[in-house]
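A.B. asks: One file is attached below, query-v5.json, containing JSON, C-alpha atoms and all ligand atoms.
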```
[["chain", "number", "residue", "atom", "x", "y", "z"],
["A", 27, "MET", "CA", 137.94, -73.43, 73.80],
["A", 28, "ILE", "CA", 140.76, -70.85, 73.40],
["A", 29, "ARG", "CA", 138.60, -68.99, 70.88],
["A", 30, "PHE", "CA", 135.68, -68.95, 73.34],
["A", 31, "PHE", "CA", 137.79, -67.60, 76.21],
["A", 32, "SER", "CA", 139.42, -65.03, 73.90],
["A", 33, "LEU", "CA", 135.93, -63.78, 73.05],
["A", 34, "ILE", "CA", 135.02, -63.67, 76.74],
["A", 35, "PHE", "CA", 138.23, -61.69, 77.44],
["A", 36, "ILE", "CA", 137.41, -59.18, 74.67],
["A", 37, "LEU", "CA", 133.85, -58.89, 75.98],
["A", 38, "GLY", "CA", 135.14, -58.26, 79.53],
["A", 39, "ALA", "CA", 137.78, -55.76, 78.36],
["A", 40, "SER", "CA", 135.14, -53.85, 76.33],
["A", 41, "TYR", "CA", 132.92, -53.83, 79.41],
["A", 42, "GLY", "CA", 135.88, -52.48, 81.42],
["A", 43, "SER", "CA", 136.13, -49.63, 78.90],
["A", 44, "PHE", "CA", 132.40, -48.96, 79.35],
["A", 45, "LEU", "CA", 132.82, -48.94, 83.17],
["A", 46, "GLY", "CA", 135.53, -46.28, 82.84],
["A", 47, "LEU", "CA", 133.06, -44.20, 80.82],
["A", 48, "VAL", "CA", 130.33, -44.78, 83.47],
["A", 49, "VAL", "CA", 132.58, -43.48, 86.29],
["A", 50, "PHE", "CA", 133.79, -40.47, 84.24],
["A", 51, "ARG", "CA", 130.35, -39.39, 83.03],
["A", 52, "GLU", "CA", 128.33, -40.14, 86.18],
["A", 53, "GLN", "CA", 130.78, -38.06, 88.27],
["A", 54, "ARG", "CA", 129.86, -35.18, 85.96],
["A", 55, "SER", "CA", 126.12, -36.01, 85.79],
["A", 56, "LEU", "CA", 126.38, -36.74, 82.03],
["A", 57, "SER", "CA", 124.42, -39.36, 80.07],
["A", 58, "ILE", "CA", 126.22, -42.71, 79.76],
["A", 59, "LEU", "CA", 124.44, -43.44, 76.46],
["A", 60, "HIS", "CA", 124.90, -40.25, 74.43],
["A", 61, "PRO", "CA", 127.04, -38.98, 72.81],
["A", 62, "ARG", "CA", 129.53, -41.67, 71.71],
["A", 63, "SER", "CA", 133.01, -41.73, 73.32],
["A", 64, "TYR", "CA", 134.90, -38.45, 72.95],
["A", 65, "CYS", "CA", 138.18, -36.85, 74.04],
["A", 66, "ASP", "CA", 137.95, -35.72, 77.69],
["A", 67, "PHE", "CA", 139.74, -32.45, 76.84],
["A", 68, "CYS", "CA", 138.38, -31.20, 73.50],
["A", 69, "SER", "CA", 135.17, -33.34, 73.26],
["A", 70, "PHE", "CA", 136.13, -34.45, 69.72],
["A", 71, "PRO", "CA", 134.52, -37.87, 68.94],
["A", 72, "LEU", "CA", 137.11, -40.67, 69.17],
["A", 73, "PRO", "CA", 137.70, -42.68, 65.97],
["A", 74, "LEU", "CA", 136.51, -46.31, 65.97],
["A", 75, "ARG", "CA", 140.05, -47.69, 66.31],
["A", 76, "ALA", "CA", 140.43, -45.83, 69.63],
["A", 77, "LEU", "CA", 137.50, -47.84, 71.00],
["A", 78, "ILE", "CA", 139.24, -51.21, 70.55],
["A", 79, "PRO", "CA", 139.86, -52.38, 74.14],
["A", 80, "ILE", "CA", 143.52, -52.22, 75.31],
["A", 81, "LEU", "CA", 144.90, -51.78, 71.75],
["A", 82, "GLY", "CA", 142.96, -48.54, 71.13],
["A", 83, "PHE", "CA", 145.28, -46.53, 73.41],
["A", 84, "PHE", "CA", 148.38, -47.73, 71.54],
["A", 85, "LEU", "CA", 146.80, -47.33, 68.07],
["A", 86, "MET", "CA", 146.20, -43.67, 69.00],
["A", 87, "HIS", "CA", 149.82, -43.40, 70.32],
["A", 88, "GLY", "CA", 148.29, -42.32, 73.63],
["A", 89, "LYS", "CA", 147.17, -38.97, 72.18],
["A", 90, "CYS", "CA", 143.99, -37.34, 70.91],
["A", 91, "LYS", "CA", 144.43, -36.75, 67.17],
["A", 92, "HIS", "CA", 142.46, -33.51, 67.39],
["A", 93, "CYS", "CA", 144.01, -31.63, 70.36],
["A", 94, "GLN", "CA", 147.20, -33.77, 70.72],
["A", 95, "LEU", "CA", 146.72, -34.03, 74.50],
["A", 96, "GLN", "CA", 147.65, -37.25, 76.33],
["A", 97, "ILE", "CA", 144.76, -39.74, 76.71],
["A", 98, "PRO", "CA", 144.68, -41.00, 80.35],
["A", 99, "ILE", "CA", 146.36, -44.44, 80.43],
["A", 100, "TYR", "CA", 144.12, -45.78, 83.26],
["A", 101, "SER", "CA", 141.84, -47.34, 80.62],
["A", 102, "VAL", "CA", 144.50, -49.95, 79.70],
["A", 103, "PRO", "CA", 144.94, -51.56, 83.19],
["A", 104, "LEU", "CA", 141.18, -51.23, 83.79],
["A", 105, "GLU", "CA", 140.32, -53.07, 80.54],
["A", 106, "LEU", "CA", 143.04, -55.67, 81.14],
["A", 107, "SER", "CA", 141.89, -56.41, 84.69],
["A", 108, "ILE", "CA", 138.15, -56.55, 83.91],
["A", 109, "GLY", "CA", 138.90, -58.72, 80.84],
["A", 110, "SER", "CA", 141.01, -61.12, 82.95],
["A", 111, "LEU", "CA", 138.52, -61.17, 85.83],
["A", 112, "THR", "CA", 135.63, -61.94, 83.45],
["A", 113, "THR", "CA", 137.60, -64.79, 81.85],
["A", 114, "VAL", "CA", 138.48, -66.33, 85.24],
["A", 115, "PHE", "CA", 134.89, -65.91, 86.45],
["A", 116, "VAL", "CA", 133.43, -67.67, 83.38],
["A", 117, "ALA", "CA", 136.07, -70.42, 83.59],
["A", 118, "GLN", "CA", 135.13, -71.07, 87.23],
["A", 119, "THR", "CA", 131.35, -70.66, 87.16],
["A", 120, "PHE", "CA", 129.74, -71.15, 83.78],
["A", 121, "ASP", "CA", 126.24, -69.99, 84.63],
["A", 122, "LEU", "CA", 124.48, -67.42, 82.44],
["A", 123, "LEU", "CA", 122.49, -65.91, 85.30],
["A", 124, "LEU", "CA", 125.54, -65.56, 87.58],
["A", 125, "PHE", "CA", 127.45, -64.07, 84.64],
["A", 126, "PHE", "CA", 124.71, -61.48, 84.21],
["A", 127, "VAL", "CA", 124.75, -60.71, 87.98],
["A", 128, "PHE", "CA", 128.59, -60.40, 87.76],
["A", 129, "PHE", "CA", 128.27, -57.75, 85.01],
["A", 130, "LEU", "CA", 125.47, -56.01, 86.91],
["A", 131, "LEU", "CA", 127.58, -55.85, 90.11],
["A", 132, "LEU", "CA", 130.51, -54.32, 88.21],
["A", 133, "PHE", "CA", 128.17, -51.68, 86.79],
["A", 134, "LEU", "CA", 126.60, -50.93, 90.20],
["A", 135, "SER", "CA", 130.09, -50.72, 91.78],
["A", 136, "ALA", "CA", 131.16, -48.16, 89.16],
["A", 137, "GLU", "CA", 127.94, -46.22, 89.76],
["A", 138, "ASP", "CA", 128.43, -46.32, 93.56],
["A", 139, "LEU", "CA", 132.06, -45.17, 93.27],
["A", 140, "ALA", "CA", 131.08, -42.31, 90.97],
["A", 141, "THR", "CA", 127.92, -41.04, 92.65],
["A", 142, "LYS", "CA", 127.63, -42.86, 96.02],
["A", 143, "SER", "CA", 124.15, -43.92, 95.02],
["A", 144, "LEU", "CA", 122.72, -46.47, 92.64],
["A", 145, "ASN", "CA", 119.73, -47.25, 90.52],
["A", 146, "SER", "CA", 117.84, -50.00, 92.33],
["A", 147, "MET", "CA", 115.69, -50.96, 89.34],
["A", 148, "PRO", "CA", 118.18, -53.46, 87.77],
["A", 149, "ILE", "CA", 118.46, -55.28, 91.14],
["A", 150, "LEU", "CA", 114.66, -55.59, 91.38],
["A", 151, "ILE", "CA", 114.49, -56.84, 87.76],
["A", 152, "VAL", "CA", 117.07, -59.59, 88.51],
["A", 153, "GLN", "CA", 115.07, -60.52, 91.62],
["A", 154, "ILE", "CA", 111.89, -60.85, 89.49],
["A", 155, "VAL", "CA", 113.79, -62.97, 86.91],
["A", 156, "LEU", "CA", 115.12, -65.20, 89.72],
["A", 157, "LEU", "CA", 111.60, -65.61, 91.11],
["A", 158, "LEU", "CA", 110.31, -66.62, 87.67],
["A", 159, "ILE", "CA", 113.16, -69.13, 87.14],
["A", 160, "HIS", "CA", 113.07, -70.60, 90.65],
["A", 161, "PRO", "CA", 109.64, -69.80, 92.11],
["A", 162, "SER", "CA", 109.60, -70.19, 95.88],
["A", 163, "PHE", "CA", 107.96, -68.56, 98.87],
["A", 164, "SER", "CA", 111.30, -67.25, 100.19],
["A", 165, "SER", "CA", 112.09, -65.68, 96.79],
["A", 166, "LEU", "CA", 108.68, -64.00, 96.76],
["A", 167, "LEU", "CA", 109.20, -62.76, 100.32],
["A", 168, "LEU", "CA", 112.66, -61.34, 99.52],
["A", 169, "LEU", "CA", 111.33, -59.58, 96.41],
["A", 170, "PHE", "CA", 108.41, -58.15, 98.41],
["A", 171, "LEU", "CA", 110.86, -56.94, 101.08],
["A", 172, "ALA", "CA", 113.11, -55.37, 98.43],
["A", 173, "ILE", "CA", 110.16, -53.51, 96.87],
["A", 174, "LEU", "CA", 109.05, -52.34, 100.31],
["A", 175, "ILE", "CA", 112.54, -51.08, 101.18],
["A", 176, "ASN", "CA", 112.94, -49.47, 97.77],
["A", 177, "PHE", "CA", 109.73, -47.49, 98.00],
["A", 178, "PHE", "CA", 109.96, -46.68, 101.70],
["A", 179, "ASP", "CA", 113.68, -46.19, 102.01],
["A", 180, "MET", "CA", 113.21, -44.94, 105.54],
["A", 181, "VAL", "CA", 113.46, -48.53, 106.83],
["A", 182, "PRO", "CA", 117.24, -48.97, 106.42],
["A", 183, "ARG", "CA", 117.77, -45.42, 107.66],
["A", 184, "LEU", "CA", 115.94, -46.35, 110.85],
["A", 185, "ILE", "CA", 118.05, -49.50, 111.31],
["A", 186, "THR", "CA", 121.43, -47.92, 110.63],
["A", 187, "ARG", "CA", 122.92, -44.91, 108.95],
["A", 188, "GLN", "CA", 125.89, -46.95, 107.69],
["A", 189, "PHE", "CA", 123.97, -48.81, 104.97],
["A", 190, "GLY", "CA", 122.29, -47.32, 101.92],
["A", 191, "VAL", "CA", 119.18, -48.77, 100.28],
["A", 192, "GLY", "CA", 121.34, -50.17, 97.45],
["A", 193, "ASP", "CA", 123.45, -52.19, 99.91],
["A", 194, "ILE", "CA", 120.34, -53.70, 101.55],
["A", 195, "LEU", "CA", 118.82, -54.55, 98.14],
["A", 196, "LEU", "CA", 122.04, -56.28, 97.07],
["A", 197, "ILE", "CA", 122.09, -58.34, 100.28],
["A", 198, "LEU", "CA", 118.47, -59.42, 99.58],
["A", 199, "LEU", "CA", 119.53, -60.35, 96.02],
["A", 200, "PHE", "CA", 122.40, -62.50, 97.38],
["A", 201, "LEU", "CA", 119.95, -64.20, 99.77],
["A", 202, "GLN", "CA", 117.71, -64.98, 96.79],
["A", 203, "ILE", "CA", 120.62, -66.33, 94.69],
["A", 204, "GLY", "CA", 122.20, -68.46, 97.42],
["A", 205, "SER", "CA", 121.77, -69.46, 101.03],
["A", 206, "TRP", "CA", 122.11, -67.21, 104.08],
["A", 207, "VAL", "CA", 125.58, -68.79, 104.66],
["A", 208, "PHE", "CA", 126.58, -67.70, 101.14],
["A", 209, "THR", "CA", 125.34, -64.17, 101.91],
["A", 210, "VAL", "CA", 127.05, -63.98, 105.32],
["A", 211, "LYS", "CA", 130.36, -65.01, 103.69],
["A", 212, "ILE", "CA", 129.97, -62.18, 101.16],
["A", 213, "ILE", "CA", 129.22, -59.60, 103.88],
["A", 214, "PHE", "CA", 132.17, -60.92, 105.93],
["A", 215, "ILE", "CA", 134.59, -60.48, 103.00],
["A", 216, "ALA", "CA", 133.15, -57.02, 102.23],
["A", 217, "CYS", "CA", 133.65, -55.95, 105.88],
["A", 218, "CYS", "CA", 137.24, -57.31, 105.84],
["A", 219, "PHE", "CA", 137.94, -55.15, 102.77],
["A", 220, "VAL", "CA", 136.48, -52.07, 104.49],
["A", 221, "ILE", "CA", 138.62, -52.70, 107.63],
["A", 222, "LEU", "CA", 141.78, -53.30, 105.56],
["A", 223, "LEU", "CA", 141.26, -50.26, 103.35],
["A", 224, "TYR", "CA", 139.78, -47.99, 106.05],
["A", 225, "PRO", "CA", 142.86, -45.72, 106.32],
["A", 226, "PHE", "CA", 142.54, -44.99, 102.57],
["A", 227, "ILE", "CA", 138.76, -44.61, 102.34],
["A", 228, "LYS", "CA", 137.81, -42.98, 105.66],
["A", 229, "ASN", "CA", 137.69, -39.55, 103.98],
["A", 230, "LYS", "CA", 135.22, -40.78, 101.38],
["A", 231, "PHE", "CA", 132.33, -40.98, 103.88],
["A", 232, "PRO", "CA", 129.77, -42.42, 103.30],
["A", 233, "ILE", "CA", 131.97, -45.33, 102.26],
["A", 234, "PRO", "CA", 130.75, -46.93, 98.99],
["A", 235, "PHE", "CA", 129.93, -50.48, 100.14],
["A", 236, "VAL", "CA", 128.63, -51.91, 96.82],
["A", 237, "PRO", "CA", 132.15, -52.48, 95.34],
["A", 238, "PHE", "CA", 133.12, -54.44, 98.48],
["A", 239, "LEU", "CA", 129.91, -56.53, 98.43],
["A", 240, "SER", "CA", 130.53, -57.20, 94.72],
["A", 241, "ALA", "CA", 134.14, -58.23, 95.45],
["A", 242, "GLY", "CA", 132.83, -60.58, 98.17],
["A", 243, "PHE", "CA", 130.33, -62.14, 95.72],
["A", 244, "ILE", "CA", 133.00, -62.67, 93.05],
["A", 245, "ILE", "CA", 135.59, -64.07, 95.50],
["A", 246, "ILE", "CA", 133.12, -66.54, 97.05],
["A", 247, "LEU", "CA", 132.04, -67.76, 93.61],
["A", 248, "LEU", "CA", 135.67, -68.11, 92.47],
["A", 249, "ILE", "CA", 136.42, -70.21, 95.58],
["A", 250, "GLN", "CA", 133.33, -72.44, 95.71],
["A", 251, "LYS", "CA", 132.51, -72.30, 91.92],
["A", 252, "SER", "CA", 128.73, -72.32, 92.55],
["A", 253, "VAL", "CA", 126.17, -70.83, 94.93],
["B", 301, "ZN", "ZN", 141.17, -33.96, 72.26]]
```
Go ahead and render the structure in this file as structure tokens.
C.D. replies:
Amino acid sequence: MIRFFSLIFILGASYGSFLGLVVFREQRSLSILHPRSYCDFCSFPLPLRALIPILGFFLMHGKCKHCQLQIPIYSVPLELSIGSLTTVFVAQTFDLLLFFVFFLLLFLSAEDLATKSLNSMPILIVQIVLLLIHPSFSSLLLLFLAILINFFDMVPRLITRQFGVGDILLILLFLQIGSWVFTVKIIFIACCFVILLYPFIKNKFPIPFVPFLSAGFIIILLIQKSV
């Protein structure tokens, strides 16, 4: 069991490292797939040992071997926290689909923080997978609604200017995964976060809501252990 959770921690920490790369590159409109990780200052490719989550920073003595400049240390707490969060999440809710949604939400949160927009395609794909696993009329309706909103993104703009299409699609995904009570709890927690953090984020308008919805999803699942 310890070996299993150690593997999950390493997987989560590696994913945390990838999320750091997503935020850095998407802020600069760079590809997240190519080239492989490089020094932010001199663009020299990082050696493989530097890519080991958490330990990589210390193995490099916190410096780029090519230009000798300090590597930002934020990667260590980021990898530690995502690794720990992933381990706790798996320990509480061992469900492959929810685990996949958890990873997807972290990715979408990073994307929203970096660019204030997100690619809706992965959300629609998860909705299709959910419909195939648990076919139901409500699932079909929610998927149809999501496709409609995605292709005619005027609808949410007409309802409110506070929500982006990505936020609406995520809420539809939560409705498909759980009940409306489950979804309302997530939105409630997300709104509490926005109110609490408003003094710090009010200058970042439009406020990225996906990270707060994702936090709500994770917290609810950690508390009730299932949908
Ligand atoms: Zn360098």
A.B. asks: Just want the 12 Å neighbourhood of Lys142 (chain A), counted on only C-alpha atoms, with same-chain residues fewer than 6 positions away dropped. Output as an NGL selection string.
C.D. replies: :A and (49 or 52-53 or 134-136 or 189-193 or 230-237)
A.B. asks: Hey, can you spit out that residue selection with C-alpha atoms as a PDB file, keeping the file's coordinate frame?
C.D. replies:
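In the end it all went to selection16.pdb:
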```
ATOM      1  CA  VAL A  49     132.580 -43.480  86.290  1.00  0.00           C
ATOM      2  CA  GLU A  52     128.330 -40.140  86.180  1.00  0.00           C
ATOM      3  CA  GLN A  53     130.780 -38.060  88.270  1.00  0.00           C
ATOM      4  CA  LEU A 134     126.600 -50.930  90.200  1.00  0.00           C
ATOM      5  CA  SER A 135     130.090 -50.720  91.780  1.00  0.00           C
ATOM      6  CA  ALA A 136     131.160 -48.160  89.160  1.00  0.00           C
ATOM      7  CA  PHE A 189     123.970 -48.810 104.970  1.00  0.00           C
ATOM      8  CA  GLY A 190     122.290 -47.320 101.920  1.00  0.00           C
ATOM      9  CA  VAL A 191     119.180 -48.770 100.280  1.00  0.00           C
ATOM     10  CA  GLY A 192     121.340 -50.170  97.450  1.00  0.00           C
ATOM     11  CA  ASP A 193     123.450 -52.190  99.910  1.00  0.00           C
ATOM     12  CA  LYS A 230     135.220 -40.780 101.380  1.00  0.00           C
ATOM     13  CA  PHE A 231     132.330 -40.980 103.880  1.00  0.00           C
ATOM     14  CA  PRO A 232     129.770 -42.420 103.300  1.00  0.00           C
ATOM     15  CA  ILE A 233     131.970 -45.330 102.260  1.00  0.00           C
ATOM     16  CA  PRO A 234     130.750 -46.930  98.990  1.00  0.00           C
ATOM     17  CA  PHE A 235     129.930 -50.480 100.140  1.00  0.00           C
ATOM     18  CA  VAL A 236     128.630 -51.910  96.820  1.00  0.00           C
ATOM     19  CA  PRO A 237     132.150 -52.480  95.340  1.00  0.00           C
TER      20      PRO A 237
END
```
A.B. asks: As number ranges by chain, please: every protein or nucleic acid residue near ligand ZN 301 (chain B) (cut-off 12 Å, counting only C-alpha atoms and all ligand atoms).
C.D. replies: A: 63-73, 86, 88-98
A.B. asks: Using only C-alpha atoms and a cutoff of 12 Å, can you tell me which residues are near (120.7, -64.6, 93.6) in the file's coordinates, and write them out as JSON, numbers by chain?
C.D. replies: {"A": [121, 123, 124, 125, 126, 127, 128, 130, 131, 149, 150, 151, 152, 153, 154, 155, 156, 157, 159, 160, 164, 165, 168, 169, 195, 196, 197, 198, 199, 200, 201, 202, 203, 204, 205, 206, 208, 209, 243, 247, 252, 253]}
A.B. asks: Only C-alpha atoms, please: the residues just picked out, written as a compact mmCIF listing (two decimals), in the coordinates of the input.
C.D. replies:
```txt
# COMPACT_ATOMS: atom_id res chain seq x y z
CA ASP A 121 126.24 -69.99 84.63
CA LEU A 123 122.49 -65.91 85.30
CA LEU A 124 125.54 -65.56 87.58
CA PHE A 125 127.45 -64.07 84.64
CA PHE A 126 124.71 -61.48 84.21
CA VAL A 127 124.75 -60.71 87.98
CA PHE A 128 128.59 -60.40 87.76
CA LEU A 130 125.47 -56.01 86.91
CA LEU A 131 127.58 -55.85 90.11
CA ILE A 149 118.46 -55.28 91.14
CA LEU A 150 114.66 -55.59 91.38
CA ILE A 151 114.49 -56.84 87.76
CA VAL A 152 117.07 -59.59 88.51
CA GLN A 153 115.07 -60.52 91.62
CA ILE A 154 111.89 -60.85 89.49
CA VAL A 155 113.79 -62.97 86.91
CA LEU A 156 115.12 -65.20 89.72
CA LEU A 157 111.60 -65.61 91.11
CA ILE A 159 113.16 -69.13 87.14
CA HIS A 160 113.07 -70.60 90.65
CA SER A 164 111.30 -67.25 100.19
CA SER A 165 112.09 -65.68 96.79
CA LEU A 168 112.66 -61.34 99.52
CA LEU A 169 111.33 -59.58 96.41
CA LEU A 195 118.82 -54.55 98.14
CA LEU A 196 122.04 -56.28 97.07
CA ILE A 197 122.09 -58.34 100.28
CA LEU A 198 118.47 -59.42 99.58
CA LEU A 199 119.53 -60.35 96.02
CA PHE A 200 122.40 -62.50 97.38
CA LEU A 201 119.95 -64.20 99.77
CA GLN A 202 117.71 -64.98 96.79
CA ILE A 203 120.62 -66.33 94.69
CA GLY A 204 122.20 -68.46 97.42
CA SER A 205 121.77 -69.46 101.03
CA TRP A 206 122.11 -67.21 104.08
CA PHE A 208 126.58 -67.70 101.14
CA THR A 209 125.34 -64.17 101.91
CA PHE A 243 130.33 -62.14 95.72
CA LEU A 247 132.04 -67.76 93.61
CA SER A 252 128.73 -72.32 92.55
CA VAL A 253 126.17 -70.83 94.93
```
A.B. asks: In Å to one decimal, how far is CA of Arg62 (chain A) from CA of Ser32 (chain A)?
C.D. replies: 25.5 Å
A.B. asks: Using CA of Ser107 (chain A) and CA of Gly38 (chain A) as the two end points, give the distance in Å to one decimal.
C.D. replies: 8.7 Å
A.B. asks: What are the centre and the three edge lengths of an axis-aligned box that wraps all atoms of region 194-198 of chain A in the file, given that 3 Å is added to every side, written as JSON and rounded to one decimal in Å?
C.D. replies:
```
{"center_x": 120.3, "center_y": -56.6, "center_z": 99.3, "size_x": 9.6, "size_y": 11.7, "size_z": 10.5}
```
A.B. asks: Calculated over only C-alpha atoms, which of the candidates A:Leu106, A:Ala117, A:Ile99, A:Ile58 has the smallest distance to His87 (chain A)?
C.D. replies: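 With only C-alpha atoms as the atom set, the closest residue is A:Ile99.
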A.B. asks: Suppose you want the space between CA of Ile245 (chain A) and CA of Thr112 (chain A); what is it in Å?
C.D. replies: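 So the answer is 12.2 Å.
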A.B. asks: Can you sort out region 230-253 of chain A so it carries N, CA and C atoms, written as a compact mmCIF listing (two decimals), in the frame of the given file?
C.D. replies:
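Dumped to result_36.txt:
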```
# COMPACT_ATOMS: atom_id res chain seq x y z
N LYS A 230 136.23 -40.71 102.44
CA LYS A 230 135.22 -40.78 101.38
C LYS A 230 133.84 -41.08 101.96
N PHE A 231 133.58 -40.67 103.21
CA PHE A 231 132.33 -40.98 103.88
C PHE A 231 131.14 -40.35 103.17
N PRO A 232 130.01 -41.03 102.96
CA PRO A 232 129.77 -42.42 103.30
C PRO A 232 130.56 -43.36 102.40
N ILE A 233 131.12 -44.40 103.00
CA ILE A 233 131.97 -45.33 102.26
C ILE A 233 131.12 -46.11 101.25
N PRO A 234 131.51 -46.12 99.96
CA PRO A 234 130.75 -46.93 98.99
C PRO A 234 130.93 -48.42 99.30
N PHE A 235 129.84 -49.09 99.68
CA PHE A 235 129.93 -50.48 100.14
C PHE A 235 129.66 -51.47 99.00
N VAL A 236 128.98 -51.00 97.93
CA VAL A 236 128.63 -51.91 96.82
C VAL A 236 129.86 -52.56 96.18
N PRO A 237 130.97 -51.82 95.93
CA PRO A 237 132.15 -52.48 95.34
C PRO A 237 132.69 -53.60 96.23
N PHE A 238 132.60 -53.42 97.56
CA PHE A 238 133.12 -54.44 98.48
C PHE A 238 132.20 -55.65 98.51
N LEU A 239 130.87 -55.40 98.49
CA LEU A 239 129.91 -56.53 98.43
C LEU A 239 130.11 -57.30 97.12
N SER A 240 130.32 -56.55 96.03
CA SER A 240 130.53 -57.20 94.72
C SER A 240 131.81 -58.03 94.74
N ALA A 241 132.87 -57.48 95.36
CA ALA A 241 134.14 -58.23 95.45
C ALA A 241 133.92 -59.51 96.26
N GLY A 242 133.14 -59.41 97.34
CA GLY A 242 132.83 -60.58 98.17
C GLY A 242 132.10 -61.65 97.36
N PHE A 243 131.11 -61.22 96.57
CA PHE A 243 130.33 -62.14 95.72
C PHE A 243 131.25 -62.86 94.74
N ILE A 244 132.12 -62.09 94.07
CA ILE A 244 133.00 -62.67 93.05
C ILE A 244 134.00 -63.63 93.70
N ILE A 245 134.59 -63.22 94.83
CA ILE A 245 135.59 -64.07 95.50
C ILE A 245 134.97 -65.39 95.96
N ILE A 246 133.78 -65.31 96.58
CA ILE A 246 133.12 -66.54 97.05
C ILE A 246 132.84 -67.47 95.88
N LEU A 247 132.35 -66.91 94.77
CA LEU A 247 132.04 -67.76 93.61
C LEU A 247 133.31 -68.34 92.99
N LEU A 248 134.41 -67.58 93.02
CA LEU A 248 135.67 -68.11 92.47
C LEU A 248 136.17 -69.25 93.34
N ILE A 249 135.92 -69.16 94.66
CA ILE A 249 136.42 -70.21 95.58
C ILE A 249 135.53 -71.45 95.49
N GLN A 250 134.20 -71.24 95.61
CA GLN A 250 133.33 -72.44 95.71
C GLN A 250 132.69 -72.83 94.36
N LYS A 251 132.89 -72.01 93.31
CA LYS A 251 132.51 -72.30 91.92
C LYS A 251 130.98 -72.37 91.67
N SER A 252 130.19 -72.37 92.73
CA SER A 252 128.73 -72.32 92.55
C SER A 252 128.12 -71.74 93.81
N VAL A 253 126.80 -71.42 93.75
CA VAL A 253 126.17 -70.83 94.93
C VAL A 253 125.77 -71.93 95.91
```
